[in-house]
file my_file.tsv (TSV, C-alpha atoms)
chain	number	residue	atom	x	y	z
A	1	MET	CA	-91.14	9.04	9.23
A	2	PRO	CA	-91.03	12.82	9.84
A	3	ARG	CA	-88.39	14.99	8.22
A	4	ALA	CA	-85.64	16.35	10.47
A	5	ASN	CA	-86.82	19.98	10.22
A	6	THR	CA	-90.50	19.40	10.90
A	7	SER	CA	-92.17	20.21	14.19
A	8	PRO	CA	-94.54	17.88	16.03
A	9	GLU	CA	-97.45	20.16	15.07
A	10	GLN	CA	-96.62	19.67	11.36
A	11	THR	CA	-96.32	15.89	11.65
A	12	GLY	CA	-99.23	15.42	14.04
A	13	GLU	CA	-96.97	13.93	16.75
A	14	GLU	CA	-97.68	14.69	20.39
A	15	LEU	CA	-95.15	15.84	22.94
A	16	PRO	CA	-95.29	14.02	26.28
A	17	GLY	CA	-97.55	15.75	28.79
A	18	VAL	CA	-98.86	18.36	26.33
A	19	ALA	CA	-102.57	18.59	25.59
A	20	SER	CA	-103.62	17.79	22.02
A	21	TYR	CA	-105.83	20.87	21.59
A	22	ARG	CA	-102.77	23.13	21.40
A	23	THR	CA	-101.86	22.45	17.75
A	24	ARG	CA	-104.95	24.16	16.36
A	25	ARG	CA	-104.58	27.07	18.82
A	26	SER	CA	-100.86	27.50	18.13
A	27	ALA	CA	-101.39	28.12	14.40
A	28	SER	CA	-103.74	31.01	15.25
A	29	GLU	CA	-101.34	32.37	17.83
A	30	ILE	CA	-98.40	32.17	15.43
A	31	TYR	CA	-100.37	34.17	12.85
A	32	ASP	CA	-101.04	36.85	15.47
A	33	ILE	CA	-97.39	36.77	16.53
A	34	GLU	CA	-96.27	37.52	12.98
A	35	GLU	CA	-98.67	40.47	12.91
A	36	CYS	CA	-97.37	41.64	16.28
A	37	ARG	CA	-93.74	41.35	15.10
A	38	LEU	CA	-94.50	43.79	12.31
A	39	LEU	CA	-95.94	46.26	14.81
A	40	HIS	CA	-92.83	46.09	17.00
A	41	LYS	CA	-90.16	46.33	14.26
A	42	THR	CA	-89.78	50.09	14.65
A	43	SER	CA	-88.79	49.91	18.32
A	44	THR	CA	-86.34	47.65	20.12
A	45	LEU	CA	-87.77	48.53	23.51
A	46	GLY	CA	-91.45	48.53	22.60
A	47	HIS	CA	-93.53	50.41	25.18
A	48	LEU	CA	-90.53	51.31	27.35
A	49	SER	CA	-88.75	53.35	24.66
A	50	GLU	CA	-91.66	55.76	24.28
A	51	HIS	CA	-90.88	57.73	27.44
A	52	LYS	CA	-87.40	56.74	28.66
A	53	SER	CA	-84.01	56.15	27.14
A	54	GLN	CA	-82.52	52.67	27.35
A	55	ASP	CA	-80.08	53.84	30.06
A	56	ASP	CA	-82.96	55.07	32.28
A	57	VAL	CA	-84.87	51.78	32.21
A	58	LYS	CA	-84.09	48.86	34.51
A	59	ALA	CA	-84.93	45.85	32.40
A	60	ILE	CA	-87.74	43.75	33.83
A	61	SER	CA	-86.81	40.09	34.09
A	62	VAL	CA	-89.40	37.56	32.98
A	63	LEU	CA	-89.50	33.82	33.52
A	64	GLN	CA	-91.63	32.36	30.79
A	65	ILE	CA	-92.82	28.78	31.33
A	66	ALA	CA	-93.97	27.18	28.10
A	67	TYR	CA	-95.02	23.67	27.24
A	68	TYR	CA	-94.35	23.62	23.52
A	69	PRO	CA	-91.00	24.62	21.92
A	70	THR	CA	-92.47	26.72	19.09
A	71	LEU	CA	-94.57	28.78	21.49
A	72	LEU	CA	-91.64	29.14	23.87
A	73	THR	CA	-89.58	30.72	21.07
A	74	THR	CA	-92.30	32.99	19.70
A	75	ARG	CA	-93.30	34.29	23.14
A	76	GLN	CA	-89.68	34.90	24.04
A	77	ILE	CA	-89.22	36.97	20.86
A	78	LEU	CA	-92.34	39.02	21.57
A	79	LEU	CA	-91.42	39.67	25.18
A	80	GLU	CA	-87.87	40.68	24.23
A	81	GLN	CA	-89.20	43.01	21.53
A	82	ASP	CA	-91.32	44.62	24.23
A	83	GLY	CA	-88.19	45.35	26.27
A	84	TYR	CA	-88.08	42.47	28.75
A	85	VAL	CA	-85.11	40.29	29.68
A	86	VAL	CA	-86.54	36.80	29.18
A	87	THR	CA	-85.52	33.41	30.52
A	88	SER	CA	-87.57	30.55	29.12
A	89	ALA	CA	-88.31	27.17	30.64
A	90	LEU	CA	-89.84	24.21	28.82
A	91	GLY	CA	-92.21	22.57	31.27
A	92	ASN	CA	-92.90	22.76	34.99
A	93	ASP	CA	-89.75	20.98	36.21
A	94	GLU	CA	-87.43	23.35	34.37
A	95	GLY	CA	-89.62	26.28	35.41
A	96	MET	CA	-89.39	25.35	39.10
A	97	ALA	CA	-85.62	24.96	38.95
A	98	LEU	CA	-85.15	28.35	37.29
A	99	ALA	CA	-87.68	30.06	39.58
A	100	LEU	CA	-85.71	28.97	42.64
A	101	SER	CA	-82.26	29.72	41.22
A	102	THR	CA	-82.79	33.27	39.91
A	103	HIS	CA	-84.86	36.33	40.84
A	104	PHE	CA	-87.55	37.26	38.30
A	105	ASP	CA	-89.76	40.34	38.34
A	106	ILE	CA	-92.70	38.48	36.77
A	107	ILE	CA	-93.57	34.95	35.64
A	108	VAL	CA	-95.64	34.10	32.55
A	109	VAL	CA	-97.19	30.62	32.38
A	110	GLY	CA	-98.20	29.38	28.92
A	111	PHE	CA	-101.41	27.63	27.90
A	112	SER	CA	-100.31	24.43	26.13
A	113	ALA	CA	-100.35	22.04	29.09
A	114	GLY	CA	-103.49	20.76	30.74
A	115	ASN	CA	-105.32	22.90	33.26
A	116	ARG	CA	-104.39	20.64	36.18
A	117	SER	CA	-100.67	20.85	35.41
A	118	ARG	CA	-100.75	24.63	35.08
A	119	THR	CA	-102.86	25.03	38.23
A	120	LYS	CA	-100.28	23.01	40.19
A	121	MET	CA	-97.50	25.18	38.71
A	122	VAL	CA	-99.22	28.45	39.64
A	123	ARG	CA	-99.92	27.22	43.19
A	124	TRP	CA	-96.31	26.08	43.58
A	125	LEU	CA	-95.05	29.46	42.33
A	126	LYS	CA	-97.30	31.40	44.72
A	127	LEU	CA	-96.29	29.19	47.65
A	128	ASN	CA	-92.55	29.53	46.93
A	129	LEU	CA	-92.44	33.05	45.43
A	130	PRO	CA	-95.45	34.88	46.90
A	131	ALA	CA	-94.20	38.37	45.98
A	132	THR	CA	-93.59	37.56	42.31
A	133	PRO	CA	-96.55	38.41	40.04
A	134	ILE	CA	-97.83	35.60	37.82
A	135	VAL	CA	-99.61	36.01	34.49
A	136	VAL	CA	-101.32	32.89	33.13
A	137	LEU	CA	-102.19	32.61	29.45
A	138	LEU	CA	-105.57	30.95	29.02
A	139	ALA	CA	-106.38	28.38	26.35
A	140	TYR	CA	-110.12	28.94	26.86
A	141	PRO	CA	-112.10	31.83	28.35
A	142	SER	CA	-113.74	29.44	30.81
A	143	GLU	CA	-110.46	28.55	32.55
A	144	SER	CA	-109.82	29.92	36.02
A	145	PHE	CA	-106.57	30.41	37.92
A	146	PRO	CA	-107.47	32.09	41.23
A	147	ASP	CA	-103.86	32.01	42.50
A	148	ALA	CA	-102.57	33.98	39.51
A	149	ASP	CA	-102.25	37.76	39.62
A	150	CYS	CA	-103.63	37.95	36.08
A	151	ALA	CA	-105.15	35.51	33.59
A	152	THR	CA	-105.61	36.50	29.97
A	153	LEU	CA	-106.43	34.79	26.69
A	154	SER	CA	-103.37	33.61	24.81
A	155	GLU	CA	-104.57	34.01	21.25
A	156	ASN	CA	-103.95	37.75	21.01
A	157	PRO	CA	-100.33	38.81	21.66
A	158	ARG	CA	-101.31	42.47	22.03
A	159	GLN	CA	-103.72	41.48	24.81
A	160	TRP	CA	-101.36	39.29	26.80
A	161	LEU	CA	-98.41	41.67	26.36
A	162	ALA	CA	-100.61	44.46	27.74
A	163	ALA	CA	-101.54	42.18	30.67
A	164	VAL	CA	-97.84	41.56	31.39
A	165	ARG	CA	-97.14	45.30	31.18
A	166	GLN	CA	-100.01	46.18	33.51
A	167	THR	CA	-99.17	43.43	35.97
A	168	CYS	CA	-95.54	44.64	36.11
A	169	ALA	CA	-96.77	48.17	36.76
A	170	LYS	CA	-99.32	46.83	39.29
A	171	GLU	CA	-102.08	48.61	37.41
A	172	PRO	CA	-105.58	47.13	37.34
A	173	ILE	CA	-106.42	45.31	34.11

call {"tool": "encode", "arguments": {"input": "my_file.tsv", "output": "structure tokens"}}
result
Amino acid sequence: MPRANTSPEQTGEELPGVASYRTRRSASEIYDIEECRLLHKTSTLGHLSEHKSQDDVKAISVLQIAYYPTLLTTRQILLEQDGYVVTSALGNDEGMALALSTHFDIIVVGFSAGNRSRTKMVRWLKLNLPATPIVVLLAYPSESFPDADCATLSENPRQWLAAVRQTCAKEPI
């Protein structure tokens, strides 16, 4: 029986609808997230504070759709440290409900669910919110999300944060 404060990845349990390959990937990502946290400690607005004061910057709102609670939390922390206002959804159903109820400047779709589930989510988002840019975090380099505005590997927070930044600015990646 697992202890109360252990996560499914520590006990080997699976969450419903979440692919089993994510536990090995999440440990690597969490290591990179810790490294990235150290880089961002000196600035509360990350890249935005370099050129503008906090009063001059309209915060960019992000809907982050994650499929694993630990990754939801760590990505939210990283995005907030980079100056974004973040709303997080756990799974597609919660993501759809939030996407329809609130305006977001950009949507980030995590990598922990199966490709088919994420493809359906991205297509649904583009159909219902065609003007909202979508960044998809890839579990593997071979994945393809043609409906997304940007797809980037998830294992390097610096890389996917840069992809979010560039997609918000509508700059080519």

call {"tool": "residues_near_point", "arguments": {"input": "my_file.tsv", "point": "(-100.7, 27.2, 35.8)", "cutoff": "12 Å", "atoms": "only C-alpha atoms", "output": "MDAnalysis selection string"}}
result
chainID A and resid 64:67 91:92 95:96 107:126 134:139 143:151

call {"tool": "closest_residue", "arguments": {"input": "my_file.tsv", "among": "A:Ser154, A:Ser142, A:Gln81, A:Asn128", "to": "His103 of chain A", "atoms": "only C-alpha atoms"}}
result
A:Asn128

call {"tool": "atom_distance", "arguments": {"input": "my_file.tsv", "atom1": "atom CA of Thr73 of chain A", "atom2": "atom CA of Asp105 of chain A"}}
result
19.8 Å

call {"tool": "atom_distance", "arguments": {"input": "my_file.tsv", "atom1": "atom CA of Tyr140 of chain A", "atom2": "atom CA of Leu153 of chain A"}}
result
6.9 Å

call {"tool": "atom_distance", "arguments": {"input": "my_file.tsv", "atom1": "atom CA of Ile106 of chain A", "atom2": "atom CA of Thr167 of chain A"}}
result
8.2 Å

call {"tool": "closest_residue", "arguments": {"input": "my_file.tsv", "among": "A:Ile60, A:Cys168, A:Leu161, A:Leu127", "to": "Val86 of chain A", "atoms": "all atoms listed in the file"}}
result
A:Ile60

call {"tool": "closest_residue", "arguments": {"input": "my_file.tsv", "among": "A:Thr152, A:Thr132, A:Ser61, A:Thr70", "to": "Asp82 of chain A", "atoms": "all atoms listed in the file"}}
result
A:Ser61
